[in-house]
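Participant: Input protein.pdb, format and content: PDB, C-alpha atoms, pLDDT in the B column.
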ATOM      1  CA  MET A 997      -5.393  30.917  -7.708  1.00 96.00           C
ATOM      2  CA  LYS A 998      -3.932  29.080 -10.678  1.00 98.00           C
ATOM      3  CA  GLY A 999      -3.098  25.445 -10.165  1.00 97.00           C
ATOM      4  CA  TYR A1000      -3.089  21.967 -11.649  1.00 98.00           C
ATOM      5  CA  LYS A1001      -5.092  18.830 -11.016  1.00 97.00           C
ATOM      6  CA  ALA A1002      -4.973  15.266 -12.364  1.00 97.00           C
ATOM      7  CA  PHE A1003      -7.984  13.039 -12.990  1.00 97.00           C
ATOM      8  CA  ASN A1004      -8.925   9.607 -14.189  1.00 96.00           C
ATOM      9  CA  ASP A1005      -9.548   9.391 -17.923  1.00 95.00           C
ATOM     10  CA  ASP A1006     -13.277  10.003 -17.377  1.00 96.00           C
ATOM     11  CA  LEU A1007     -12.587  13.204 -15.410  1.00 96.00           C
ATOM     12  CA  THR A1008     -13.454  11.651 -12.073  1.00 96.00           C
ATOM     13  CA  CYS A1009     -11.379  12.058  -8.941  1.00 93.00           C
ATOM     14  CA  ARG A1010     -12.167   9.988  -5.861  1.00 91.00           C
ATOM     15  CA  GLY A1011     -15.633   9.277  -7.213  1.00 92.00           C
ATOM     16  CA  TYR A1012     -16.546  12.889  -7.989  1.00 95.00           C
ATOM     17  CA  GLN A1013     -17.420  13.734 -11.598  1.00 97.00           C
ATOM     18  CA  PHE A1014     -15.866  16.936 -12.925  1.00 97.00           C
ATOM     19  CA  THR A1015     -16.762  18.851 -16.071  1.00 96.00           C
ATOM     20  CA  VAL A1016     -14.799  21.483 -17.990  1.00 95.00           C
ATOM     21  CA  ASN A1017     -15.487  25.225 -17.596  1.00 86.00           C
ATOM     22  CA  LYS A1018     -17.893  24.766 -14.719  1.00 95.00           C
ATOM     23  CA  THR A1019     -17.282  25.988 -11.184  1.00 97.00           C
ATOM     24  CA  HIS A1020     -17.607  23.083  -8.782  1.00 97.00           C
ATOM     25  CA  THR A1021     -18.411  23.988  -5.175  1.00 96.00           C
ATOM     26  CA  PHE A1022     -17.618  21.982  -2.068  1.00 96.00           C
ATOM     27  CA  GLY A1023     -20.232  22.274   0.664  1.00 91.00           C
ATOM     28  CA  GLY A1024     -17.921  22.155   3.664  1.00 92.00           C
ATOM     29  CA  THR A1025     -14.637  23.638   4.780  1.00 95.00           C
ATOM     30  CA  PRO A1026     -11.670  22.349   2.769  1.00 94.00           C
ATOM     31  CA  ILE A1027      -8.979  20.561   4.774  1.00 91.00           C
ATOM     32  CA  SER A1028      -5.835  19.473   2.984  1.00 89.00           C
ATOM     33  CA  CYS A1029      -5.605  15.688   2.536  1.00 89.00           C
ATOM     34  CA  VAL A1030      -9.032  15.299   4.157  1.00 93.00           C
ATOM     35  CA  GLN A1031     -11.772  17.057   2.205  1.00 94.00           C
ATOM     36  CA  GLY A1032     -12.387  19.632  -0.480  1.00 94.00           C
ATOM     37  CA  PHE A1033     -11.044  19.916  -4.010  1.00 96.00           C
ATOM     38  CA  HIS A1034      -7.301  19.271  -4.079  1.00 96.00           C
ATOM     39  CA  PHE A1035      -4.792  20.722  -6.501  1.00 96.00           C
ATOM     40  CA  CYS A1036      -1.102  21.662  -6.769  1.00 96.00           C
ATOM     41  CA  THR A1037       0.448  24.965  -7.774  1.00 96.00           C
ATOM     42  CA  ASP A1038       3.526  23.237  -9.193  1.00 97.00           C
ATOM     43  CA  LEU A1039       2.502  21.106 -12.172  1.00 97.00           C
ATOM     44  CA  GLN A1040       4.937  18.280 -11.464  1.00 97.00           C
ATOM     45  CA  ASP A1041       3.524  17.734  -7.979  1.00 96.00           C
ATOM     46  CA  VAL A1042       0.301  16.239  -9.374  1.00 97.00           C
ATOM     47  CA  VAL A1043       2.374  13.184 -10.328  1.00 96.00           C
ATOM     48  CA  ASN A1044       2.773  12.402  -6.612  1.00 94.00           C
ATOM     49  CA  TYR A1045      -0.977  11.772  -6.354  1.00 93.00           C
ATOM     50  CA  TYR A1046      -2.027  10.587  -9.815  1.00 92.00           C
ATOM     51  CA  CYS A1047       0.414   8.854 -12.115  1.00 94.00           C
ATOM     52  CA  SER A1048      -0.989   6.757 -14.934  1.00 95.00           C
ATOM     53  CA  PRO A1049      -0.618   6.647 -18.715  1.00 96.00           C
ATOM     54  CA  THR A1050      -4.375   7.290 -18.943  1.00 96.00           C
ATOM     55  CA  MET A1051      -4.614  10.188 -16.500  1.00 97.00           C
ATOM     56  CA  ARG A1052      -5.748  13.616 -17.636  1.00 97.00           C
ATOM     57  CA  VAL A1053      -4.253  16.815 -16.262  1.00 98.00           C
ATOM     58  CA  PHE A1054      -5.829  20.255 -16.254  1.00 98.00           C
ATOM     59  CA  GLU A1055      -4.847  23.764 -15.421  1.00 98.00           C
ATOM     60  CA  ILE A1056      -7.452  24.876 -12.884  1.00 97.00           C
ATOM     61  CA  GLU A1057      -8.635  28.013 -11.153  1.00 97.00           C
ATOM     62  CA  ALA A1058      -9.142  27.670  -7.396  1.00 96.00           C
ATOM     63  CA  THR A1059     -11.360  30.150  -5.567  1.00 96.00           C
ATOM     64  CA  GLY A1060     -13.289  30.411  -2.317  1.00 95.00           C
ATOM     65  CA  ILE A1061     -11.515  29.030   0.737  1.00 94.00           C
ATOM     66  CA  ILE A1062      -7.982  27.831  -0.087  1.00 95.00           C
ATOM     67  CA  THR A1063      -5.722  26.032   2.380  1.00 95.00           C
ATOM     68  CA  ASN A1064      -1.999  26.583   2.764  1.00 94.00           C
ATOM     69  CA  ALA A1065       0.410  24.313   0.933  1.00 92.00           C
ATOM     70  CA  LYS A1066       2.097  21.361   2.596  1.00 79.00           C
ATOM     71  CA  GLU A1067       5.721  21.770   3.650  1.00 77.00           C
ATOM     72  CA  ASP A1068       7.182  19.375   1.101  1.00 80.00           C
ATOM     73  CA  CYS A1069       4.654  19.850  -1.693  1.00 86.00           C
ATOM     74  CA  THR A1070       2.468  22.529  -3.267  1.00 95.00           C
ATOM     75  CA  LYS A1071      -0.744  20.569  -2.667  1.00 95.00           C
ATOM     76  CA  ARG A1072      -3.682  22.624  -1.411  1.00 95.00           C
ATOM     77  CA  ALA A1073      -7.422  22.188  -0.965  1.00 95.00           C
ATOM     78  CA  CYS A1074     -10.093  24.655  -1.993  1.00 96.00           C
ATOM     79  CA  SER A1075     -13.856  25.085  -1.809  1.00 96.00           C
ATOM     80  CA  GLU A1076     -14.355  26.120  -5.448  1.00 97.00           C
ATOM     81  CA  ILE A1077     -12.588  24.840  -8.542  1.00 97.00           C
ATOM     82  CA  ARG A1078     -12.912  25.286 -12.300  1.00 97.00           C
ATOM     83  CA  LEU A1079     -11.153  23.248 -14.965  1.00 97.00           C
ATOM     84  CA  VAL A1080      -9.641  25.756 -17.379  1.00 97.00           C
ATOM     85  CA  LYS A1081      -7.458  23.925 -19.908  1.00 96.00           C
ATOM     86  CA  GLU A1082      -6.290  20.369 -20.481  1.00 98.00           C
ATOM     87  CA  LEU A1083      -2.540  19.771 -20.639  1.00 98.00           C
ATOM     88  CA  SER A1084      -0.791  17.027 -22.557  1.00 97.00           C
ATOM     89  CA  LEU A1085       1.221  14.390 -20.719  1.00 97.00           C
ATOM     90  CA  ASP A1086       4.278  15.684 -22.596  1.00 97.00           C
ATOM     91  CA  GLU A1087       3.766  19.076 -20.947  1.00 98.00           C
ATOM     92  CA  VAL A1088       3.554  17.391 -17.562  1.00 97.00           C
ATOM     93  CA  MET A1089       6.658  15.319 -18.251  1.00 97.00           C
ATOM     94  CA  LEU A1090       8.677  18.368 -19.280  1.00 97.00           C
ATOM     95  CA  SER A1091       7.775  20.109 -16.009  1.00 98.00           C
ATOM     96  CA  ILE A1092       9.448  17.421 -13.895  1.00 98.00           C
ATOM     97  CA  THR A1093      12.651  18.329 -12.081  1.00 97.00           C
ATOM     98  CA  LYS A1094      12.080  16.887  -8.585  1.00 97.00           C
ATOM     99  CA  SER A1095      13.364  13.440  -7.617  1.00 97.00           C
ATOM    100  CA  LYS A1096      10.082  12.082  -6.283  1.00 97.00           C
ATOM    101  CA  ALA A1097       8.046  13.092  -9.327  1.00 97.00           C
ATOM    102  CA  ALA A1098      10.749  11.735 -11.642  1.00 98.00           C
ATOM    103  CA  TYR A1099      10.718   8.378  -9.852  1.00 98.00           C
ATOM    104  CA  GLU A1100       6.925   8.107  -9.875  1.00 97.00           C
ATOM    105  CA  TRP A1101       6.742   9.034 -13.565  1.00 98.00           C
ATOM    106  CA  ALA A1102       9.464   6.564 -14.547  1.00 98.00           C
ATOM    107  CA  LYS A1103       7.899   3.756 -12.537  1.00 97.00           C
ATOM    108  CA  CYS A1104       4.306   4.272 -13.694  1.00 96.00           C
ATOM    109  CA  ILE A1105       4.589   5.829 -17.153  1.00 97.00           C
ATOM    110  CA  GLY A1106       8.119   5.585 -18.554  1.00 96.00           C
ATOM    111  CA  ASN A1107      10.618   8.004 -20.117  1.00 97.00           C
ATOM    112  CA  ARG A1108      13.246   6.525 -17.827  1.00 98.00           C
ATOM    113  CA  ASP A1109      16.103   7.810 -19.961  1.00 97.00           C
ATOM    114  CA  ILE A1110      14.900  11.335 -19.170  1.00 97.00           C
ATOM    115  CA  MET A1111      13.703  10.879 -15.607  1.00 98.00           C
ATOM    116  CA  ILE A1112      16.929   9.265 -14.418  1.00 98.00           C
ATOM    117  CA  ASN A1113      18.679  12.620 -14.757  1.00 98.00           C
ATOM    118  CA  HIS A1114      16.376  14.163 -12.157  1.00 98.00           C
ATOM    119  CA  ILE A1115      17.108  11.624  -9.422  1.00 98.00           C
ATOM    120  CA  THR A1116      19.361  13.560  -7.054  1.00 98.00           C
ATOM    121  CA  GLU A1117      18.002  12.712  -3.585  1.00 98.00           C
ATOM    122  CA  SER A1118      19.218   9.624  -1.713  1.00 98.00           C
ATOM    123  CA  LYS A1119      15.719   8.337  -0.963  1.00 98.00           C
ATOM    124  CA  TRP A1120      14.644   8.246  -4.580  1.00 98.00           C
ATOM    125  CA  ALA A1121      17.991   6.979  -5.832  1.00 98.00           C
ATOM    126  CA  TYR A1122      17.614   4.044  -3.446  1.00 98.00           C
ATOM    127  CA  LYS A1123      14.021   3.378  -4.523  1.00 98.00           C
ATOM    128  CA  TRP A1124      14.990   3.643  -8.189  1.00 98.00           C
ATOM    129  CA  ALA A1125      17.784   1.115  -7.692  1.00 98.00           C
ATOM    130  CA  LEU A1126      15.447  -1.301  -5.908  1.00 97.00           C
ATOM    131  CA  TRP A1127      12.431  -1.133  -8.188  1.00 97.00           C
ATOM    132  CA  ILE A1128      13.728   0.061 -11.555  1.00 97.00           C
ATOM    133  CA  GLY A1129      17.438  -0.717 -11.712  1.00 96.00           C
ATOM    134  CA  ASN A1130      20.520   1.248 -12.790  1.00 98.00           C
ATOM    135  CA  GLN A1131      22.284   0.431  -9.526  1.00 98.00           C
ATOM    136  CA  ASP A1132      25.631   1.326 -11.096  1.00 98.00           C
ATOM    137  CA  ILE A1133      24.372   4.899 -11.541  1.00 98.00           C
ATOM    138  CA  MET A1134      22.280   5.277  -8.405  1.00 98.00           C
ATOM    139  CA  VAL A1135      25.028   4.051  -6.085  1.00 98.00           C
ATOM    140  CA  ASN A1136      26.815   7.367  -6.600  1.00 97.00           C
ATOM    141  CA  ARG A1137      23.741   9.369  -5.637  1.00 98.00           C
ATOM    142  CA  ILE A1138      23.476   8.029  -2.104  1.00 98.00           C
ATOM    143  CA  THR A1139      24.776  10.545   0.427  1.00 98.00           C
ATOM    144  CA  GLU A1140      22.512  10.250   3.498  1.00 98.00           C
ATOM    145  CA  SER A1141      23.308   7.876   6.363  1.00 98.00           C
ATOM    146  CA  ASN A1142      19.945   6.138   6.475  1.00 98.00           C
ATOM    147  CA  TYR A1143      19.866   5.299   2.776  1.00 98.00           C
ATOM    148  CA  ALA A1144      23.530   4.312   2.792  1.00 98.00           C
ATOM    149  CA  TYR A1145      22.671   1.814   5.520  1.00 98.00           C
ATOM    150  CA  TYR A1146      19.593   0.534   3.658  1.00 98.00           C
ATOM    151  CA  TRP A1147      21.605   0.200   0.447  1.00 98.00           C
ATOM    152  CA  ALA A1148      24.424  -1.705   2.117  1.00 98.00           C
ATOM    153  CA  TYR A1149      22.024  -3.971   3.992  1.00 97.00           C
ATOM    154  CA  ARG A1150      19.775  -4.808   1.027  1.00 97.00           C
ATOM    155  CA  ILE A1151      21.929  -4.306  -2.063  1.00 97.00           C
ATOM    156  CA  GLY A1152      25.597  -4.295  -1.080  1.00 97.00           C
ATOM    157  CA  ASN A1153      28.484  -1.967  -1.979  1.00 98.00           C
ATOM    158  CA  ILE A1154      29.509  -1.875   1.682  1.00 98.00           C
ATOM    159  CA  ASP A1155      32.917  -0.420   0.810  1.00 97.00           C
ATOM    160  CA  ILE A1156      31.207   2.603  -0.748  1.00 98.00           C
ATOM    161  CA  MET A1157      28.270   3.054   1.607  1.00 98.00           C
ATOM    162  CA  ILE A1158      30.343   2.907   4.777  1.00 98.00           C
ATOM    163  CA  ASN A1159      31.790   6.310   3.925  1.00 98.00           C
ATOM    164  CA  HIS A1160      28.338   7.903   4.073  1.00 98.00           C
ATOM    165  CA  ILE A1161      27.520   6.723   7.592  1.00 98.00           C
ATOM    166  CA  THR A1162      27.870   9.863   9.684  1.00 98.00           C
ATOM    167  CA  ASP A1163      24.716   9.745  11.823  1.00 97.00           C
ATOM    168  CA  SER A1164      24.933   8.034  15.234  1.00 98.00           C
ATOM    169  CA  GLU A1165      21.722   6.054  14.798  1.00 98.00           C
ATOM    170  CA  TYR A1166      22.836   4.464  11.548  1.00 98.00           C
ATOM    171  CA  ALA A1167      26.385   3.919  12.736  1.00 98.00           C
ATOM    172  CA  TYR A1168      24.854   1.886  15.566  1.00 98.00           C
ATOM    173  CA  LYS A1169      22.520   0.010  13.204  1.00 98.00           C
ATOM    174  CA  TRP A1170      25.442  -0.677  10.860  1.00 98.00           C
ATOM    175  CA  ALA A1171      27.524  -2.038  13.733  1.00 98.00           C
ATOM    176  CA  LEU A1172      24.702  -4.337  14.820  1.00 98.00           C
ATOM    177  CA  ASP A1173      23.583  -5.582  11.412  1.00 98.00           C
ATOM    178  CA  ILE A1174      26.621  -5.348   9.161  1.00 98.00           C
ATOM    179  CA  GLY A1175      29.715  -5.025  11.319  1.00 97.00           C
ATOM    180  CA  ASN A1176      32.754  -2.740  11.188  1.00 98.00           C
ATOM    181  CA  ARG A1177      32.346  -1.902  14.872  1.00 98.00           C
ATOM    182  CA  ASP A1178      35.924  -0.669  15.084  1.00 97.00           C
ATOM    183  CA  ILE A1179      34.992   2.037  12.579  1.00 98.00           C
ATOM    184  CA  MET A1180      31.448   2.786  13.673  1.00 98.00           C
ATOM    185  CA  ILE A1181      32.363   3.245  17.323  1.00 98.00           C
ATOM    186  CA  ASP A1182      34.007   6.559  16.492  1.00 97.00           C
ATOM    187  CA  ARG A1183      30.839   7.826  14.821  1.00 98.00           C
ATOM    188  CA  ILE A1184      28.669   7.628  17.927  1.00 98.00           C
ATOM    189  CA  THR A1185      28.076  11.099  19.365  1.00 97.00           C
ATOM    190  CA  ASP A1186      24.427  11.034  20.466  1.00 98.00           C
ATOM    191  CA  SER A1187      23.703  10.323  24.161  1.00 98.00           C
ATOM    192  CA  GLU A1188      20.850   7.890  23.551  1.00 98.00           C
ATOM    193  CA  ILE A1189      22.762   5.933  20.929  1.00 98.00           C
ATOM    194  CA  ALA A1190      25.851   5.825  23.145  1.00 98.00           C
ATOM    195  CA  CYS A1191      23.685   4.230  25.844  1.00 98.00           C
ATOM    196  CA  MET A1192      22.264   1.713  23.393  1.00 98.00           C
ATOM    197  CA  TRP A1193      25.744   0.852  22.124  1.00 98.00           C
ATOM    198  CA  ALA A1194      27.056   0.279  25.647  1.00 98.00           C
ATOM    199  CA  TYR A1195      23.990  -1.775  26.628  1.00 98.00           C
ATOM    200  CA  HIS A1196      23.867  -4.001  23.550  1.00 98.00           C
ATOM    201  CA  ILE A1197      27.465  -4.057  22.312  1.00 98.00           C
ATOM    202  CA  GLY A1198      29.777  -2.922  25.085  1.00 97.00           C
ATOM    203  CA  ASN A1199      32.655  -0.429  25.176  1.00 98.00           C
ATOM    204  CA  GLU A1200      31.217   1.229  28.264  1.00 97.00           C
ATOM    205  CA  ASP A1201      34.517   2.959  29.009  1.00 97.00           C
ATOM    206  CA  ILE A1202      34.330   4.760  25.668  1.00 97.00           C
ATOM    207  CA  MET A1203      30.610   5.397  25.490  1.00 98.00           C
ATOM    208  CA  LYS A1204      30.220   6.818  29.000  1.00 97.00           C
ATOM    209  CA  SER A1205      31.954  10.092  28.090  1.00 96.00           C
ATOM    210  CA  ARG A1206      29.560  10.554  25.165  1.00 97.00           C
ATOM    211  CA  VAL A1207      26.473  10.518  27.364  1.00 98.00           C
ATOM    212  CA  THR A1208      25.942  14.200  28.116  1.00 97.00           C
ATOM    213  CA  GLU A1209      22.143  14.619  28.323  1.00 98.00           C
ATOM    214  CA  SER A1210      20.718  14.441  31.862  1.00 97.00           C
ATOM    215  CA  TYR A1211      17.983  11.937  31.003  1.00 98.00           C
ATOM    216  CA  TRP A1212      20.471   9.514  29.495  1.00 98.00           C
ATOM    217  CA  ILE A1213      22.985  10.040  32.312  1.00 97.00           C
ATOM    218  CA  ASP A1214      20.263   8.914  34.730  1.00 97.00           C
ATOM    219  CA  TRP A1215      19.405   6.005  32.440  1.00 98.00           C
ATOM    220  CA  TRP A1216      23.068   4.985  32.367  1.00 97.00           C
ATOM    221  CA  ASN A1217      23.314   5.057  36.147  1.00 96.00           C
ATOM    222  CA  ILE A1218      20.268   2.774  36.451  1.00 96.00           C
ATOM    223  CA  PHE A1219      20.963   0.232  33.751  1.00 96.00           C
ATOM    224  CA  LEU A1220      24.746   0.257  33.373  1.00 94.00           C
TER     225      LEU A1220
END
For the file at hand, write its structure as structure tokens.
Facilitator:
Amino acid sequence: MKGYKAFNDDLTCRGYQFTVNKTHTFGGTPISCVQGFHFCTDLQDVVNYYCSPTMRVFEIEATGIITNAKEDCTKRACSEIRLVKELSLDEVMLSITKSKAAYEWAKCIGNRDIMINHITESKWAYKWALWIGNQDIMVNRITESNYAYYWAYRIGNIDIMINHITDSEYAYKWALDIGNRDIMIDRITDSEIACMWAYHIGNEDIMKSRVTESYWIDWWNIFL
């Protein structure tokens, strides 16, 4: 299987010394994130595990026992690996389209003027704003309730972020930590969160009708 792997500048990875055009064999059974030789089938995913201006990246051939990829990444582990061809960091950079890889590259290596265009997910827009900057750009890339709450709580722009709070959990957190309870009360639809709202904030007459799961109905009857 063709893949890609990053190394320290001396071609070591986690203390193991690799050499080019030699098949390296692992003595046990490879287990992803635990043991074996790890690699990614999408070049940009190596940046999630190694990201340094001095790293070296190779196209590799994986053979023997090969594990399945992770759900959110193409990382695998194998029992046999051979380094086929070294790639330049420019080639790695040009492969990047995912938000996480773009953030990691910008933070550790640079090319921020290029990487900023690949930040489309709320999580990485929030992290970029916190640790790199460009809050005026990233503020418009926040769409998920949890990161809208985090942004409002830590950075500001409450008037913008409040419109992205659609999840019961974060409507409740917003009401507790920021305010706007008259607005957030209408965004509570989950039974557990309705119980928590009634217990900690009030509005039992409103919240009671939103408790529809049997476990939380019983909880309500005991504690409220």
Participant: If I take atom CA of A:Ala1073 and atom CA of A:Asn1004, how far is one from the other in Å, to one decimal?
Facilitator: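 Atom CA of A:Asn1004 lies at a distance of 18.3 Å from atom CA of A:Ala1073.
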Participant: Given the file shown, enumerate the residues that the PyMOL selection byres ((chain A and resi 1143) around 10) captures and present them as a PDB file with C-alpha atoms, in the coordinates of the input.
Facilitator:
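Result saved to result30.pdb:
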ATOM      1  CA  GLU A1117      18.002  12.712  -3.585  1.00 98.00           C
ATOM      2  CA  SER A1118      19.218   9.624  -1.713  1.00 98.00           C
ATOM      3  CA  LYS A1119      15.719   8.337  -0.963  1.00 98.00           C
ATOM      4  CA  TRP A1120      14.644   8.246  -4.580  1.00 98.00           C
ATOM      5  CA  ALA A1121      17.991   6.979  -5.832  1.00 98.00           C
ATOM      6  CA  TYR A1122      17.614   4.044  -3.446  1.00 98.00           C
ATOM      7  CA  LYS A1123      14.021   3.378  -4.523  1.00 98.00           C
ATOM      8  CA  ILE A1138      23.476   8.029  -2.104  1.00 98.00           C
ATOM      9  CA  THR A1139      24.776  10.545   0.427  1.00 98.00           C
ATOM     10  CA  GLU A1140      22.512  10.250   3.498  1.00 98.00           C
ATOM     11  CA  SER A1141      23.308   7.876   6.363  1.00 98.00           C
ATOM     12  CA  ASN A1142      19.945   6.138   6.475  1.00 98.00           C
ATOM     13  CA  ALA A1144      23.530   4.312   2.792  1.00 98.00           C
ATOM     14  CA  TYR A1145      22.671   1.814   5.520  1.00 98.00           C
ATOM     15  CA  TYR A1146      19.593   0.534   3.658  1.00 98.00           C
ATOM     16  CA  TRP A1147      21.605   0.200   0.447  1.00 98.00           C
ATOM     17  CA  ALA A1148      24.424  -1.705   2.117  1.00 98.00           C
ATOM     18  CA  TYR A1149      22.024  -3.971   3.992  1.00 97.00           C
ATOM     19  CA  MET A1157      28.270   3.054   1.607  1.00 98.00           C
ATOM     20  CA  HIS A1160      28.338   7.903   4.073  1.00 98.00           C
ATOM     21  CA  ILE A1161      27.520   6.723   7.592  1.00 98.00           C
ATOM     22  CA  TYR A1166      22.836   4.464  11.548  1.00 98.00           C
TER      23      TYR A1166
END
Participant: What would the selection look like, as an mmCIF file with C-alpha atoms, in the frame of the given file, if the PyMOL selection byres ((chain A and resi 1182) around 10) were run on the coordinates I just shared?
Facilitator:
data_model
loop_
_atom_site.group_PDB
_atom_site.id
_atom_site.type_symbol
_atom_site.label_atom_id
_atom_site.label_comp_id
_atom_site.auth_asym_id
_atom_site.auth_seq_id
_atom_site.Cartn_x
_atom_site.Cartn_y
_atom_site.Cartn_z
ATOM 1 C CA THR A 1162 27.870 9.863 9.684
ATOM 2 C CA SER A 1164 24.933 8.034 15.234
ATOM 3 C CA ALA A 1167 26.385 3.919 12.736
ATOM 4 C CA ARG A 1177 32.346 -1.902 14.872
ATOM 5 C CA ASP A 1178 35.924 -0.669 15.084
ATOM 6 C CA ILE A 1179 34.992 2.037 12.579
ATOM 7 C CA MET A 1180 31.448 2.786 13.673
ATOM 8 C CA ILE A 1181 32.363 3.245 17.323
ATOM 9 C CA ARG A 1183 30.839 7.826 14.821
ATOM 10 C CA ILE A 1184 28.669 7.628 17.927
ATOM 11 C CA THR A 1185 28.076 11.099 19.365
ATOM 12 C CA ILE A 1202 34.330 4.760 25.668
ATOM 13 C CA MET A 1203 30.610 5.397 25.490
#
Participant: Write out as a list in words each polymer residue whose atoms come within 8 Å of A:Met1051, counting all atoms listed in the file; drop sequence neighbours fewer than 5 positions from it.
Facilitator: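 Result of the neighbour search: Ala1002, Phe1003, Asn1004, Asp1005 and Tyr1046 of chain A.
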Participant: Please expand the PyMOL selection byres ((chain A and resi 1101) around 10) into the concrete residues it hits in this file, giving the result as a PDB file with C-alpha atoms, in the frame of the given file.
Facilitator:
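Written output follows (out_38.pdb):
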ATOM      1  CA  GLN A1040       4.937  18.280 -11.464  1.00 97.00           C
ATOM      2  CA  VAL A1043       2.374  13.184 -10.328  1.00 96.00           C
ATOM      3  CA  ASN A1044       2.773  12.402  -6.612  1.00 94.00           C
ATOM      4  CA  TYR A1046      -2.027  10.587  -9.815  1.00 92.00           C
ATOM      5  CA  CYS A1047       0.414   8.854 -12.115  1.00 94.00           C
ATOM      6  CA  SER A1048      -0.989   6.757 -14.934  1.00 95.00           C
ATOM      7  CA  PRO A1049      -0.618   6.647 -18.715  1.00 96.00           C
ATOM      8  CA  VAL A1088       3.554  17.391 -17.562  1.00 97.00           C
ATOM      9  CA  MET A1089       6.658  15.319 -18.251  1.00 97.00           C
ATOM     10  CA  ILE A1092       9.448  17.421 -13.895  1.00 98.00           C
ATOM     11  CA  SER A1095      13.364  13.440  -7.617  1.00 97.00           C
ATOM     12  CA  LYS A1096      10.082  12.082  -6.283  1.00 97.00           C
ATOM     13  CA  ALA A1097       8.046  13.092  -9.327  1.00 97.00           C
ATOM     14  CA  ALA A1098      10.749  11.735 -11.642  1.00 98.00           C
ATOM     15  CA  TYR A1099      10.718   8.378  -9.852  1.00 98.00           C
ATOM     16  CA  GLU A1100       6.925   8.107  -9.875  1.00 97.00           C
ATOM     17  CA  ALA A1102       9.464   6.564 -14.547  1.00 98.00           C
ATOM     18  CA  LYS A1103       7.899   3.756 -12.537  1.00 97.00           C
ATOM     19  CA  CYS A1104       4.306   4.272 -13.694  1.00 96.00           C
ATOM     20  CA  ILE A1105       4.589   5.829 -17.153  1.00 97.00           C
ATOM     21  CA  GLY A1106       8.119   5.585 -18.554  1.00 96.00           C
ATOM     22  CA  ASN A1107      10.618   8.004 -20.117  1.00 97.00           C
ATOM     23  CA  ARG A1108      13.246   6.525 -17.827  1.00 98.00           C
ATOM     24  CA  MET A1111      13.703  10.879 -15.607  1.00 98.00           C
TER      25      MET A1111
END
Participant: For A:Leu1007, which residue out of A:Cys1036, A:Leu1079, A:Ala1194, A:Ile1061 is the nearest one, using only C-alpha atoms?
Facilitator: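 Closest to A:Leu1007 of all the choices is A:Leu1079.
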Participant: Under the rule that only C-alpha atoms are counted, which of A:Asp1201, A:Asp1006, A:Asp1214, A:Glu1067 is the nearest residue to A:Glu1188?
Facilitator: A:Asp1214
Participant: How many Å separate atom CA of A:Leu1039 from atom CA of A:Ser1091?
Facilitator: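 Atom-to-atom, atom CA of A:Leu1039 to atom CA of A:Ser1091, that is 6.6 Å.
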Participant: Pick from A:Glu1076, A:Glu1087, A:Cys1191, A:Ile1197: nearest to A:Phe1219, with all atoms listed in the file counted?
Facilitator: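 Selected residue with least distance to A:Phe1219: A:Cys1191.
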Participant: Please determine, counting only C-alpha atoms, which residue among A:Glu1082, A:His1020, A:Cys1069, A:Gln1013 has the shortest atom-to-atom distance to A:Lys1001.
Facilitator: A:Glu1082
Participant: Got a sec to check which residues sit within 7 Å of (23.2, 2.3, 18.6), counting all atoms listed in the file, and write them as a VMD selection string?
Facilitator: chain A and resid 1164 to 1165 1167 to 1169 1189 to 1190 1192 to 1193
Participant: Distance atom CA of A:Val1135-atom CA of A:Ile1174, one decimal place?
Facilitator: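 Here the two named atoms are 18.0 Å from each other.
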Participant: Starting from 5 Å padding per side, set up an axis-aligned box that covers all listed atoms of stretch 1103-1108 of chain A and hand over centre and edge lengths in Å, one decimal, as JSON.
Facilitator:
{"center_x": 8.8, "center_y": 5.9, "center_z": -16.3, "size_x": 18.9, "size_y": 14.2, "size_z": 17.6}
Participant: Of the candidates A:Ile1158, A:Val1042, A:Ile1218, A:Leu1126, which one gets nearest to A:Gly999 if we count all atoms listed in the file?
Facilitator: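 Among the listed residues, the smallest separation from A:Gly999 belongs to A:Val1042.
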Participant: Determine the nearest neighbour of A:Val1053 from the options A:Thr1008, A:Ser1084, A:Thr1015, A:Gln1031, counting only C-alpha atoms.
Facilitator: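 So, comparing all the options, the nearest one is A:Ser1084.
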Participant: So which residues touch A:Thr1070 within 7 Å, counting all atoms listed in the file, skipping near sequence neighbours fewer than 4 positions away, as a PDB file with C-alpha atoms, in the frame of the given file?
Facilitator:
ATOM      1  CA  CYS A1036      -1.102  21.662  -6.769  1.00 96.00           C
ATOM      2  CA  THR A1037       0.448  24.965  -7.774  1.00 96.00           C
ATOM      3  CA  ASP A1038       3.526  23.237  -9.193  1.00 97.00           C
ATOM      4  CA  ASP A1041       3.524  17.734  -7.979  1.00 96.00           C
ATOM      5  CA  ALA A1065       0.410  24.313   0.933  1.00 92.00           C
ATOM      6  CA  LYS A1066       2.097  21.361   2.596  1.00 79.00           C
TER       7      LYS A1066
END
